[in-house]
>>> print(open('model.csv').read())   # CSV, N, CA and C atoms
chain,number,residue,atom,x,y,z
A,1,MET,N,1.5,-6.7,-16.2
A,1,MET,CA,2.0,-5.9,-15.2
A,1,MET,C,2.9,-6.7,-14.2
A,2,PRO,N,4.1,-6.3,-14.0
A,2,PRO,CA,5.0,-7.0,-13.1
A,2,PRO,C,4.4,-7.0,-11.7
A,3,GLU,N,4.6,-8.1,-11.0
A,3,GLU,CA,4.2,-8.1,-9.6
A,3,GLU,C,5.1,-7.3,-8.7
A,4,ARG,N,4.5,-6.6,-7.8
A,4,ARG,CA,5.3,-5.8,-6.9
A,4,ARG,C,6.1,-6.6,-5.9
A,5,PRO,N,7.2,-6.1,-5.4
A,5,PRO,CA,8.0,-6.9,-4.5
A,5,PRO,C,7.1,-7.1,-3.2
A,6,ILE,N,7.5,-8.1,-2.5
A,6,ILE,CA,6.9,-8.4,-1.2
A,6,ILE,C,7.3,-7.3,-0.2
A,7,ARG,N,6.3,-6.7,0.4
A,7,ARG,CA,6.5,-5.6,1.4
A,7,ARG,C,6.4,-6.2,2.8
A,8,VAL,N,7.4,-6.0,3.7
A,8,VAL,CA,7.4,-6.6,5.0
A,8,VAL,C,7.6,-5.5,6.1
A,9,LEU,N,6.8,-5.6,7.1
A,9,LEU,CA,7.0,-4.7,8.3
A,9,LEU,C,7.6,-5.6,9.4
A,10,VAL,N,8.8,-5.2,9.8
A,10,VAL,CA,9.4,-5.8,11.0
A,10,VAL,C,9.2,-5.0,12.2
A,11,ALA,N,8.5,-5.6,13.2
A,11,ALA,CA,7.9,-4.8,14.3
A,11,ALA,C,8.5,-5.3,15.6
A,12,LYS,N,8.8,-4.3,16.5
A,12,LYS,CA,9.2,-4.6,17.9
A,12,LYS,C,8.2,-4.0,18.9
A,13,PRO,N,7.1,-4.6,19.1
A,13,PRO,CA,6.2,-4.1,20.1
A,13,PRO,C,6.6,-4.4,21.5
A,14,GLY,N,6.2,-3.6,22.4
A,14,GLY,CA,6.5,-3.9,23.8
A,14,GLY,C,7.8,-3.2,24.3
A,15,LEU,N,8.3,-3.8,25.4
A,15,LEU,CA,9.4,-3.1,26.1
A,15,LEU,C,10.7,-3.8,25.8
A,16,ASP,N,10.8,-4.7,24.8
A,16,ASP,CA,12.1,-5.3,24.5
A,16,ASP,C,13.1,-4.2,24.1
A,17,SER,N,14.3,-4.4,24.5
A,17,SER,CA,15.3,-3.4,24.1
A,17,SER,C,16.4,-4.1,23.3
A,18,HIS,N,16.2,-5.3,22.9
A,18,HIS,CA,17.2,-6.0,22.1
A,18,HIS,C,16.6,-6.2,20.7
A,19,ASP,N,17.2,-5.7,19.7
A,19,ASP,CA,16.6,-5.8,18.4
A,19,ASP,C,17.6,-6.3,17.3
A,20,ARG,N,18.7,-6.9,17.8
A,20,ARG,CA,19.7,-7.5,16.8
A,20,ARG,C,19.0,-8.5,15.9
A,21,GLY,N,18.2,-9.4,16.4
A,21,GLY,CA,17.5,-10.4,15.6
A,21,GLY,C,16.6,-9.8,14.6
A,22,ALA,N,15.9,-8.7,15.0
A,22,ALA,CA,15.0,-8.1,14.1
A,22,ALA,C,15.8,-7.4,12.9
A,23,LYS,N,16.9,-6.8,13.3
A,23,LYS,CA,17.7,-6.1,12.3
A,23,LYS,C,18.4,-7.1,11.3
A,24,VAL,N,18.8,-8.3,11.9
A,24,VAL,CA,19.4,-9.3,11.0
A,24,VAL,C,18.3,-9.8,10.0
A,25,LEU,N,17.1,-10.1,10.5
A,25,LEU,CA,16.0,-10.5,9.7
A,25,LEU,C,15.7,-9.4,8.6
A,26,ALA,N,15.6,-8.2,9.0
A,26,ALA,CA,15.2,-7.1,8.1
A,26,ALA,C,16.3,-7.1,7.0
A,27,ARG,N,17.5,-7.2,7.3
A,27,ARG,CA,18.6,-7.1,6.3
A,27,ARG,C,18.5,-8.3,5.4
A,28,ALA,N,18.3,-9.5,5.9
A,28,ALA,CA,18.2,-10.7,5.1
A,28,ALA,C,17.0,-10.7,4.2
A,29,LEU,N,15.9,-10.2,4.6
A,29,LEU,CA,14.7,-10.1,3.8
A,29,LEU,C,14.9,-9.0,2.7
A,30,ARG,N,15.6,-7.9,3.0
A,30,ARG,CA,16.0,-6.9,2.0
A,30,ARG,C,16.9,-7.6,0.9
A,31,ASP,N,17.9,-8.3,1.4
A,31,ASP,CA,18.8,-9.0,0.5
A,31,ASP,C,18.1,-10.0,-0.4
A,32,ALA,N,17.0,-10.5,0.1
A,32,ALA,CA,16.2,-11.5,-0.7
A,32,ALA,C,15.3,-10.8,-1.7
A,33,GLY,N,15.3,-9.5,-1.8
A,33,GLY,CA,14.5,-8.7,-2.7
A,33,GLY,C,13.2,-8.2,-2.2
A,34,MET,N,13.0,-8.2,-0.9
A,34,MET,CA,11.8,-7.7,-0.4
A,34,MET,C,12.0,-6.3,0.1
A,35,GLU,N,10.9,-5.5,0.1
A,35,GLU,CA,10.9,-4.2,0.7
A,35,GLU,C,10.6,-4.3,2.1
A,36,VAL,N,11.5,-3.7,3.0
A,36,VAL,CA,11.4,-3.9,4.4
A,36,VAL,C,11.3,-2.6,5.1
A,37,ILE,N,10.4,-2.5,6.0
A,37,ILE,CA,10.2,-1.3,6.9
A,37,ILE,C,10.4,-1.8,8.3
A,38,TYR,N,11.2,-1.2,9.1
A,38,TYR,CA,11.5,-1.5,10.5
A,38,TYR,C,10.9,-0.5,11.4
A,39,THR,N,10.1,-0.9,12.4
A,39,THR,CA,9.4,0.1,13.2
A,39,THR,C,10.3,0.7,14.3
A,40,GLY,N,11.4,0.1,14.6
A,40,GLY,CA,12.2,0.5,15.8
A,40,GLY,C,11.6,-0.1,17.0
A,41,LEU,N,12.2,0.2,18.1
A,41,LEU,CA,11.8,-0.4,19.4
A,41,LEU,C,10.6,0.3,20.1
A,42,HIS,N,10.0,-0.5,21.0
A,42,HIS,CA,9.0,0.0,21.9
A,42,HIS,C,7.7,0.5,21.3
A,43,ARG,N,7.2,-0.2,20.3
A,43,ARG,CA,5.9,0.2,19.6
A,43,ARG,C,4.7,-0.4,20.3
A,44,THR,N,3.7,0.3,20.3
A,44,THR,CA,2.4,-0.3,20.8
A,44,THR,C,1.8,-1.1,19.7
A,45,PRO,N,0.9,-2.1,20.0
A,45,PRO,CA,0.2,-2.8,18.9
A,45,PRO,C,-0.5,-1.9,18.0
A,46,GLU,N,-1.1,-0.8,18.5
A,46,GLU,CA,-1.8,0.2,17.6
A,46,GLU,C,-0.8,0.8,16.6
A,47,GLU,N,0.4,1.1,17.1
A,47,GLU,CA,1.4,1.7,16.2
A,47,GLU,C,1.8,0.7,15.1
A,48,VAL,N,1.9,-0.5,15.5
A,48,VAL,CA,2.3,-1.5,14.5
A,48,VAL,C,1.2,-1.7,13.4
A,49,VAL,N,0.0,-1.7,13.9
A,49,VAL,CA,-1.1,-1.8,12.9
A,49,VAL,C,-1.1,-0.6,12.0
A,50,ARG,N,-1.0,0.6,12.6
A,50,ARG,CA,-1.0,1.8,11.8
A,50,ARG,C,0.1,1.8,10.7
A,51,ALA,N,1.3,1.4,11.1
A,51,ALA,CA,2.4,1.3,10.2
A,51,ALA,C,2.1,0.3,9.1
A,52,ALA,N,1.5,-0.8,9.4
A,52,ALA,CA,1.2,-1.8,8.4
A,52,ALA,C,0.2,-1.3,7.4
A,53,VAL,N,-0.8,-0.5,7.9
A,53,VAL,CA,-1.8,0.1,7.0
A,53,VAL,C,-1.1,1.1,6.1
A,54,ASP,N,-0.4,2.0,6.7
A,54,ASP,CA,0.3,3.1,6.0
A,54,ASP,C,1.2,2.6,5.0
A,55,GLU,N,1.9,1.5,5.3
A,55,GLU,CA,3.0,1.0,4.3
A,55,GLU,C,2.4,0.0,3.4
A,56,ASP,N,1.1,-0.4,3.6
A,56,ASP,CA,0.5,-1.4,2.6
A,56,ASP,C,1.4,-2.7,2.5
A,57,VAL,N,1.7,-3.3,3.7
A,57,VAL,CA,2.6,-4.4,3.7
A,57,VAL,C,1.8,-5.7,3.4
A,58,ASP,N,2.6,-6.7,3.0
A,58,ASP,CA,2.1,-8.1,2.8
A,58,ASP,C,2.3,-8.9,4.0
A,59,VAL,N,3.3,-8.5,4.8
A,59,VAL,CA,3.8,-9.4,5.9
A,59,VAL,C,4.1,-8.5,7.1
A,60,VAL,N,3.7,-8.9,8.3
A,60,VAL,CA,4.2,-8.3,9.5
A,60,VAL,C,4.9,-9.3,10.3
A,61,CYS,N,6.2,-9.0,10.5
A,61,CYS,CA,7.1,-9.9,11.3
A,61,CYS,C,7.2,-9.3,12.7
A,62,ILE,N,6.7,-9.9,13.7
A,62,ILE,CA,6.7,-9.4,15.1
A,62,ILE,C,7.9,-10.1,15.8
A,63,SER,N,8.8,-9.3,16.4
A,63,SER,CA,9.9,-9.9,17.2
A,63,SER,C,9.7,-9.6,18.7
A,64,LEU,N,9.7,-10.6,19.5
A,64,LEU,CA,9.5,-10.4,20.9
A,64,LEU,C,10.4,-11.3,21.7
A,65,LEU,N,11.0,-10.8,22.7
A,65,LEU,CA,11.8,-11.6,23.6
A,65,LEU,C,11.3,-11.5,25.1
A,66,SER,N,10.4,-10.6,25.4
A,66,SER,CA,10.1,-10.3,26.7
A,66,SER,C,9.1,-11.2,27.4
A,67,GLY,N,8.4,-12.1,26.6
A,67,GLY,CA,7.4,-12.9,27.2
A,67,GLY,C,6.0,-12.3,27.1
A,68,ALA,N,5.9,-11.1,26.4
A,68,ALA,CA,4.6,-10.4,26.3
A,68,ALA,C,3.8,-10.9,25.1
A,69,HIS,N,4.3,-11.9,24.4
A,69,HIS,CA,3.6,-12.3,23.2
A,69,HIS,C,2.2,-12.7,23.4
A,70,PRO,N,1.8,-13.4,24.5
A,70,PRO,CA,0.4,-13.8,24.7
A,70,PRO,C,-0.6,-12.6,24.7
A,71,VAL,N,-0.1,-11.4,25.1
A,71,VAL,CA,-0.9,-10.2,25.2
A,71,VAL,C,-0.8,-9.4,23.9
A,72,LEU,N,0.5,-9.1,23.4
A,72,LEU,CA,0.7,-8.2,22.3
A,72,LEU,C,0.3,-8.8,21.0
A,73,VAL,N,0.7,-10.0,20.7
A,73,VAL,CA,0.5,-10.6,19.4
A,73,VAL,C,-1.0,-10.6,19.0
A,74,PRO,N,-1.9,-11.2,19.9
A,74,PRO,CA,-3.3,-11.1,19.5
A,74,PRO,C,-3.9,-9.7,19.3
A,75,LYS,N,-3.3,-8.7,20.0
A,75,LYS,CA,-3.8,-7.3,19.8
A,75,LYS,C,-3.4,-6.9,18.4
A,76,VAL,N,-2.2,-7.2,18.0
A,76,VAL,CA,-1.7,-6.8,16.7
A,76,VAL,C,-2.5,-7.5,15.6
A,77,VAL,N,-2.7,-8.8,15.7
A,77,VAL,CA,-3.5,-9.6,14.7
A,77,VAL,C,-4.9,-9.0,14.6
A,78,ARG,N,-5.5,-8.9,15.7
A,78,ARG,CA,-6.9,-8.4,15.8
A,78,ARG,C,-7.0,-7.0,15.1
A,79,GLY,N,-6.0,-6.1,15.5
A,79,GLY,CA,-6.0,-4.8,14.9
A,79,GLY,C,-5.8,-4.8,13.4
A,80,LEU,N,-5.0,-5.7,12.9
A,80,LEU,CA,-4.8,-5.8,11.4
A,80,LEU,C,-6.1,-6.2,10.8
A,81,ARG,N,-6.8,-7.2,11.3
A,81,ARG,CA,-8.0,-7.7,10.7
A,81,ARG,C,-9.1,-6.7,10.8
A,82,GLU,N,-9.2,-5.9,11.9
A,82,GLU,CA,-10.2,-4.9,12.0
A,82,GLU,C,-9.9,-3.7,11.1
A,83,ALA,N,-8.6,-3.5,10.7
A,83,ALA,CA,-8.3,-2.5,9.8
A,83,ALA,C,-8.4,-2.9,8.3
A,84,GLY,N,-8.9,-4.2,8.1
A,84,GLY,CA,-9.2,-4.6,6.8
A,84,GLY,C,-8.0,-5.4,6.2
A,85,LEU,N,-6.9,-5.6,6.9
A,85,LEU,CA,-5.8,-6.3,6.4
A,85,LEU,C,-6.0,-7.8,6.6
A,86,THR,N,-6.9,-8.4,6.0
A,86,THR,CA,-7.3,-9.8,6.2
A,86,THR,C,-6.3,-10.7,5.6
A,87,GLU,N,-5.6,-10.3,4.5
A,87,GLU,CA,-4.7,-11.2,3.8
A,87,GLU,C,-3.2,-11.0,4.3
A,88,THR,N,-3.0,-10.1,5.2
A,88,THR,CA,-1.6,-9.8,5.7
A,88,THR,C,-1.1,-11.0,6.5
A,89,VAL,N,0.0,-11.5,6.1
A,89,VAL,CA,0.7,-12.6,6.8
A,89,VAL,C,1.4,-12.1,8.0
A,90,VAL,N,1.2,-12.8,9.2
A,90,VAL,CA,1.8,-12.4,10.4
A,90,VAL,C,2.8,-13.5,10.8
A,91,LEU,N,4.0,-13.2,11.1
A,91,LEU,CA,5.0,-14.1,11.6
A,91,LEU,C,5.5,-13.6,13.0
A,92,LEU,N,5.9,-14.6,13.8
A,92,LEU,CA,6.4,-14.2,15.1
A,92,LEU,C,7.7,-14.8,15.3
A,93,GLY,N,8.7,-14.0,15.8
A,93,GLY,CA,10.0,-14.5,16.1
A,93,GLY,C,10.4,-14.1,17.4
A,94,GLY,N,11.5,-14.7,17.9
A,94,GLY,CA,12.0,-14.4,19.3
A,94,GLY,C,11.9,-15.6,20.2
A,95,THR,N,12.0,-15.3,21.5
A,95,THR,CA,12.0,-16.3,22.4
A,95,THR,C,10.5,-16.7,22.8
A,96,ILE,N,10.0,-17.7,22.1
A,96,ILE,CA,8.6,-18.1,22.3
A,96,ILE,C,8.6,-19.6,22.7
A,97,PRO,N,8.2,-19.8,24.0
A,97,PRO,CA,8.1,-21.2,24.4
A,97,PRO,C,7.3,-22.1,23.5
A,98,ASP,N,7.8,-23.3,23.3
A,98,ASP,CA,7.0,-24.3,22.5
A,98,ASP,C,5.6,-24.4,22.9
A,99,ALA,N,5.3,-24.4,24.2
A,99,ALA,CA,3.9,-24.5,24.7
A,99,ALA,C,3.0,-23.4,24.3
A,100,ASP,N,3.6,-22.2,23.9
A,100,ASP,CA,2.8,-21.1,23.5
A,100,ASP,C,2.5,-21.1,22.0
A,101,ILE,N,3.2,-21.8,21.2
A,101,ILE,CA,3.1,-21.8,19.8
A,101,ILE,C,1.6,-22.1,19.3
A,102,PRO,N,1.0,-23.1,19.8
A,102,PRO,CA,-0.4,-23.4,19.4
A,102,PRO,C,-1.3,-22.2,19.6
A,103,ASP,N,-1.2,-21.5,20.7
A,103,ASP,CA,-2.0,-20.3,21.0
A,103,ASP,C,-1.7,-19.2,20.0
A,104,MET,N,-0.4,-19.0,19.6
A,104,MET,CA,-0.1,-18.0,18.7
A,104,MET,C,-0.6,-18.3,17.3
A,105,LEU,N,-0.6,-19.6,16.9
A,105,LEU,CA,-1.1,-20.0,15.6
A,105,LEU,C,-2.7,-19.8,15.6
A,106,ALA,N,-3.3,-20.1,16.7
A,106,ALA,CA,-4.7,-19.9,16.8
A,106,ALA,C,-5.1,-18.4,16.8
A,107,ALA,N,-4.2,-17.6,17.3
A,107,ALA,CA,-4.5,-16.1,17.2
A,107,ALA,C,-4.3,-15.5,15.9
A,108,GLY,N,-3.8,-16.3,14.9
A,108,GLY,CA,-3.7,-15.8,13.5
A,108,GLY,C,-2.3,-15.7,13.0
A,109,VAL,N,-1.3,-16.1,13.8
A,109,VAL,CA,0.1,-16.1,13.3
A,109,VAL,C,0.3,-17.3,12.3
A,110,ALA,N,0.9,-17.0,11.2
A,110,ALA,CA,1.1,-18.0,10.2
A,110,ALA,C,2.3,-18.9,10.5
A,111,GLY,N,3.3,-18.4,11.2
A,111,GLY,CA,4.5,-19.2,11.5
A,111,GLY,C,5.3,-18.5,12.7
A,112,VAL,N,6.0,-19.4,13.4
A,112,VAL,CA,6.8,-19.0,14.6
A,112,VAL,C,8.2,-19.4,14.3
A,113,PHE,N,9.1,-18.5,14.4
A,113,PHE,CA,10.5,-18.8,14.2
A,113,PHE,C,11.4,-18.3,15.3
A,114,GLY,N,12.0,-19.3,16.0
A,114,GLY,CA,12.8,-18.9,17.2
A,114,GLY,C,14.2,-18.6,16.9
A,115,PRO,N,15.0,-18.3,17.9
A,115,PRO,CA,16.4,-18.0,17.7
A,115,PRO,C,17.1,-19.1,16.9
A,116,GLY,N,18.0,-18.8,16.0
A,116,GLY,CA,18.7,-19.7,15.2
A,116,GLY,C,17.9,-20.3,14.0
A,117,SER,N,16.7,-19.8,13.7
A,117,SER,CA,16.0,-20.3,12.6
A,117,SER,C,16.7,-19.9,11.3
A,118,ASP,N,16.6,-20.8,10.4
A,118,ASP,CA,17.3,-20.7,9.1
A,118,ASP,C,16.6,-19.6,8.3
A,119,ILE,N,17.4,-18.6,7.9
A,119,ILE,CA,16.9,-17.4,7.2
A,119,ILE,C,16.3,-17.8,5.8
A,120,ASP,N,16.9,-18.7,5.1
A,120,ASP,CA,16.4,-19.2,3.8
A,120,ASP,C,15.0,-19.8,4.0
A,121,ARG,N,14.8,-20.5,5.1
A,121,ARG,CA,13.5,-21.1,5.4
A,121,ARG,C,12.5,-20.1,5.6
A,122,ILE,N,12.9,-19.0,6.3
A,122,ILE,CA,11.9,-17.9,6.6
A,122,ILE,C,11.6,-17.2,5.3
A,123,VAL,N,12.6,-17.0,4.4
A,123,VAL,CA,12.3,-16.3,3.1
A,123,VAL,C,11.4,-17.2,2.3
A,124,ALA,N,11.6,-18.5,2.2
A,124,ALA,CA,10.8,-19.4,1.4
A,124,ALA,C,9.4,-19.4,2.0
A,125,PHE,N,9.3,-19.4,3.3
A,125,PHE,CA,7.9,-19.4,4.0
A,125,PHE,C,7.2,-18.2,3.6
A,126,ILE,N,7.8,-17.0,3.7
A,126,ILE,CA,7.2,-15.7,3.4
A,126,ILE,C,6.7,-15.7,1.9
A,127,ARG,N,7.6,-16.2,1.0
A,127,ARG,CA,7.2,-16.2,-0.4
A,127,ARG,C,6.0,-17.1,-0.6
A,128,GLU,N,6.0,-18.2,0.0
A,128,GLU,CA,4.8,-19.2,-0.2
A,128,GLU,C,3.5,-18.6,0.4
A,129,LYS,N,3.6,-18.0,1.6
A,129,LYS,CA,2.4,-17.5,2.2
A,129,LYS,C,1.9,-16.2,1.5
A,130,VAL,N,2.8,-15.4,1.0
A,130,VAL,CA,2.3,-14.2,0.3
A,130,VAL,C,1.7,-14.6,-1.0
A,131,ALA,N,2.3,-15.6,-1.7
A,131,ALA,CA,1.7,-16.1,-3.0
A,131,ALA,C,0.3,-16.6,-2.7
A,132,GLU,N,0.1,-17.3,-1.6
A,132,GLU,CA,-1.2,-17.9,-1.3
A,132,GLU,C,-2.2,-16.7,-1.0
A,133,ALA,N,-1.7,-15.7,-0.2
A,133,ALA,CA,-2.6,-14.6,0.1
A,133,ALA,C,-3.0,-13.8,-1.1
A,134,ARG,N,-2.0,-13.5,-2.0
A,134,ARG,CA,-2.3,-12.8,-3.2
A,134,ARG,C,-3.3,-13.5,-4.1
A,135,ALA,N,-3.1,-14.9,-4.2
A,135,ALA,CA,-4.0,-15.7,-5.0
A,135,ALA,C,-5.4,-15.6,-4.4
A,136,GLY,N,-5.5,-15.7,-3.1
A,136,GLY,CA,-6.8,-15.6,-2.4
A,136,GLY,C,-7.5,-14.3,-2.6
A,137,ALA,N,-6.7,-13.2,-2.6
A,137,ALA,CA,-7.2,-11.9,-2.8
A,137,ALA,C,-7.7,-11.7,-4.2
A,138,ALA,N,-7.0,-12.3,-5.2
A,138,ALA,CA,-7.3,-12.2,-6.6
A,138,ALA,C,-8.6,-12.9,-6.9
A,139,ARG,N,-8.9,-14.0,-6.1
A,139,ARG,CA,-10.1,-14.8,-6.4
A,139,ARG,C,-11.3,-14.1,-5.7
A,140,ALA,N,-11.1,-13.2,-4.7
A,140,ALA,CA,-12.2,-12.6,-4.0
A,140,ALA,C,-12.8,-11.5,-4.8
>>> encode(input="model.csv", output="structure tokens")
Amino acid sequence: MPERPIRVLVAKPGLDSHDRGAKVLARALRDAGMEVIYTGLHRTPEEVVRAAVDEDVDVVCISLLSGAHPVLVPKVVRGLREAGLTETVVLLGGTIPDADIPDMLAAGVAGVFGPGSDIDRIVAFIREKVAEARAGAARA
């Protein structure tokens, strides 16, 4: 049976009104052969989790510019895990201070990609992490 394409949810929780980066990422991931769902602006963490469950995604890419990541990202990750999405890879992008990255990784984020990050590197990172997650799920 052929493996299904990687499914990615690109999410914009919070009050950010700028989504150009999220749209650029969504298009690049689509062009790389992934199935991409974009939530649109101003989503709550609960809405992001619900969309991830409904769409059965492998990856949730959270885009934040507002500085609300210390509050919103742990809520999304916790909600995903509580919903049973234990293998879902979570990435964070946007304006994230270097000092906050260790806390984001400790919260369950697999990778943080700031402005100007190389798209090919993000695609490769997602493919690697999803392969690891699928292998882990197959062993369980």
>>> closest_residue(input="model.csv", among="A:Gly21, A:Ile6, A:Arg30, A:Thr44", to="Val57 in chain A", atoms="only N, CA and C atoms")
A:Ile6
>>> atom_distance(input="model.csv", atom1="atom N of Ala68 in chain A", atom2="atom C of Asp56 in chain A")
25.7 Å
>>> select_by_dssp(input="model.csv", residues="chain A", states="strand (DSSP E)", output="VMD selection string")
chain A and resid 7 to 11 35 to 38 59 to 64 89 to 94 111 to 113
>>> select_by_dssp(input="model.csv", residues="range 23-106 of chain A", states="helix (DSSP H, G or I)", output="PyMOL selection string")
chain A and resi 23-31+45-55+69-82+98-106
>>> closest_residue(input="model.csv", among="A:Val60, A:Ala124, A:Leu65, A:Ala106", to="Ser17 in chain A", atoms="only C-alpha atoms")
A:Leu65
>>> residues_around(input="model.csv", residues="Leu9 in chain A", least_positions_apart="6", cutoff="10 Å", atoms="only C-alpha atoms", output="ChimeraX atom specification")
/A:26,35-39,48-49,51-52,55-62,90
>>> write_last_selection(input="model.csv", atoms="N, CA and C atoms", output="CSV table (one decimal), in the frame of the given file")
chain,number,residue,atom,x,y,z
A,26,ALA,N,15.6,-8.2,9.0
A,26,ALA,CA,15.2,-7.1,8.1
A,26,ALA,C,16.3,-7.1,7.0
A,35,GLU,N,10.9,-5.5,0.1
A,35,GLU,CA,10.9,-4.2,0.7
A,35,GLU,C,10.6,-4.3,2.1
A,36,VAL,N,11.5,-3.7,3.0
A,36,VAL,CA,11.4,-3.9,4.4
A,36,VAL,C,11.3,-2.6,5.1
A,37,ILE,N,10.4,-2.5,6.0
A,37,ILE,CA,10.2,-1.3,6.9
A,37,ILE,C,10.4,-1.8,8.3
A,38,TYR,N,11.2,-1.2,9.1
A,38,TYR,CA,11.5,-1.5,10.5
A,38,TYR,C,10.9,-0.5,11.4
A,39,THR,N,10.1,-0.9,12.4
A,39,THR,CA,9.4,0.1,13.2
A,39,THR,C,10.3,0.7,14.3
A,48,VAL,N,1.9,-0.5,15.5
A,48,VAL,CA,2.3,-1.5,14.5
A,48,VAL,C,1.2,-1.7,13.4
A,49,VAL,N,0.0,-1.7,13.9
A,49,VAL,CA,-1.1,-1.8,12.9
A,49,VAL,C,-1.1,-0.6,12.0
A,51,ALA,N,1.3,1.4,11.1
A,51,ALA,CA,2.4,1.3,10.2
A,51,ALA,C,2.1,0.3,9.1
A,52,ALA,N,1.5,-0.8,9.4
A,52,ALA,CA,1.2,-1.8,8.4
A,52,ALA,C,0.2,-1.3,7.4
A,55,GLU,N,1.9,1.5,5.3
A,55,GLU,CA,3.0,1.0,4.3
A,55,GLU,C,2.4,0.0,3.4
A,56,ASP,N,1.1,-0.4,3.6
A,56,ASP,CA,0.5,-1.4,2.6
A,56,ASP,C,1.4,-2.7,2.5
A,57,VAL,N,1.7,-3.3,3.7
A,57,VAL,CA,2.6,-4.4,3.7
A,57,VAL,C,1.8,-5.7,3.4
A,58,ASP,N,2.6,-6.7,3.0
A,58,ASP,CA,2.1,-8.1,2.8
A,58,ASP,C,2.3,-8.9,4.0
A,59,VAL,N,3.3,-8.5,4.8
A,59,VAL,CA,3.8,-9.4,5.9
A,59,VAL,C,4.1,-8.5,7.1
A,60,VAL,N,3.7,-8.9,8.3
A,60,VAL,CA,4.2,-8.3,9.5
A,60,VAL,C,4.9,-9.3,10.3
A,61,CYS,N,6.2,-9.0,10.5
A,61,CYS,CA,7.1,-9.9,11.3
A,61,CYS,C,7.2,-9.3,12.7
A,62,ILE,N,6.7,-9.9,13.7
A,62,ILE,CA,6.7,-9.4,15.1
A,62,ILE,C,7.9,-10.1,15.8
A,90,VAL,N,1.2,-12.8,9.2
A,90,VAL,CA,1.8,-12.4,10.4
A,90,VAL,C,2.8,-13.5,10.8
>>> closest_residue(input="model.csv", among="A:Glu87, A:Leu92, A:Pro115, A:Lys23", to="Ala137 in chain A", atoms="all atoms listed in the file")
A:Glu87
>>> atom_distance(input="model.csv", atom1="atom N of Asp16 in chain A", atom2="atom C of Leu85 in chain A")
25.0 Å
>>> closest_residue(input="model.csv", among="A:Arg127, A:His18, A:Lys75, A:Arg139", to="Ala107 in chain A", atoms="only C-alpha atoms")
A:Lys75
>>> closest_residue(input="model.csv", among="A:Glu132, A:Arg78, A:Arg4, A:Ala138", to="Met34 in chain A", atoms="all atoms listed in the file")
A:Arg4
>>> residues_around(input="model.csv", residues="Lys129 in chain A", least_positions_apart="4", cutoff="8 Å", atoms="all atoms listed in the file", output="PyMOL selection string")
chain A and resi 58+87-89+123-125+133-135
